[in-house]
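Following: one structure in structure tokens, then a few remarks.
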Amino acid sequence: MKLLFETQIRYIFILLCLFDISYQYILSRFRHTFRYPLEISNRMTCMTHIMFITCYSIRNMIYEPWNETPTYHSQFIIHSMIAYFLYDLLVLFSTERGRKQTIFLIHHAVSLLFLLTNRIEACGDNIMFNSVTFLLESPSPLLNIIKIIEEIKPNSYLYVALYMYTTLYYGLCRVFLFFPYIIMYVQHYFTFKWNHIITLSTFMLLLYASTKWYIMMIYKKI
């Protein structure tokens with residue numbers, strides 16, 4: 001199992017880097033169109049990966065037994081997300097602009113702590129992990145899309161409409177549905193074990209960050 005874990009992390013990490021290199025090559029053809037072409041290529045890589053993760057979590061909720069401990073398919077999502085956050089941290093630290101994005105660095109570190117904790121000892125069943133993955137990650141592709149459109153057509157009707165939809169969907173998933181989800185987690189899963197305490201603390205930090213970002217999105221400060 002340990003070898004499988006390390007192998008999956010390695011291959012997924014390499015695949016993400018190859019995605020990024022490919023997108024950088026494509027964007028180099030249009031380098032005068034973007035202010036931050038490296039950031040856009042990273043967003044395209046993240047969007048590709050998170051769309052796969054979101055679809056995979058839906059697949060697991062449909063086909064996997066809900067009340068069993070995380071199966072191979074749920075573990076694969078954990079491995080994929082660990083590789084993604086490690087990759088994105090590397091990209092952030094590689095540029096001066098990225099190193100200044102403190103809130104994202106903290107977000108990734110907290111998310112990695114949650115994933116590694118549940119990799120060591122699961123704090124819930126299949127439905128718990130896959131549903132929280134969908135709630136937290138499904139808005140991410142939209143966030144990346146609006147940032148890409150903002151670079152190309154910042155004042156277009158498409159950007160305005162998509163920004164409003166993304167703000168609504170982000171708030172619905174990561175604030176208004178995530179808050180009752182945390183209450184449900186406390187009622188049905190939480191015990192005073194180390195992995196549950198770390199998981200609940202992570203959820204609370206993510207809810208705080210999501211609420212702050214949602215307010216900033218409403219006032220167009222993000």
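So you can find residues: chains in the structure tokens are A, B, ... in the order shown, residues in each start at 1, and ligands are numbered from 1 in order.
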**OP:** Find the residues around region 101-107 of chain A up to 12 Å (only C-alpha atoms counted), leave out those fewer than 5 positions away in its own chain, and share them as a list in words.
**Re:**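 Non-adjacent residues within range: Phe85, Leu86, Tyr87, Asp88, Leu89, Leu90, Val91, Leu92, Phe93, Ser94, Thr95, Glu96, Leu112, Leu113, Phe114, Leu136, Thr202, Phe203, Met204, Leu205, Leu206, Leu207, Tyr208, Ala209, Ser210, Lys212, Trp213 and Ile222 of chain A.
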**OP:** Quick one: everything within 9 Å of His196 (chain A), counting only C-alpha atoms, minus sequence neighbours fewer than 6 positions away in the same chain. Send it as a VMD selection string.
**Re:** chain A and resid 117 to 118 122 to 124 189 to 190
**OP:** Write out as a VMD selection string each polymer residue whose atoms come within 8 Å of Ser140 (chain A), counting only C-alpha atoms; drop sequence neighbours fewer than 3 positions from it.
**Re:** chain A and resid 47 50 136 to 137 143 to 144
Could you dump the residues just selected with C-alpha atoms as a short mmCIF file (atom, residue, chain, number, x, y, z; two decimals), in the first residue's frame?
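Okay, selection.cif is ready:
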```cif
data_model
loop_
_atom_site.label_atom_id
_atom_site.label_comp_id
_atom_site.auth_asym_id
_atom_site.auth_seq_id
_atom_site.Cartn_x
_atom_site.Cartn_y
_atom_site.Cartn_z
CA MET A 47 -8.55 23.44 -13.82
CA ILE A 50 -9.73 19.57 -10.45
CA LEU A 136 -14.91 22.15 -1.75
CA GLU A 137 -13.45 21.50 -5.20
CA LEU A 143 -12.69 30.23 -10.45
CA ASN A 144 -9.85 29.39 -12.81
#
```
Original post:
How many Å separate CA of Tyr181 (chain A) from CA of Val132 (chain A)?
Top reply: 8.0 Å
**OP:** Extract, using only C-alpha atoms, all DNA, RNA and protein residues at most 12 Å from Met217 (chain A), discarding same-chain residues fewer than 6 positions from it, and format them as a PyMOL selection string.
**Re:** chain A and resi 143+146+163-171+210-211
Original post:
Between CA of Leu135 (chain A) and CA of Thr7 (chain A), what is the distance, to one decimal in Å?
Top reply: 27.4 Å
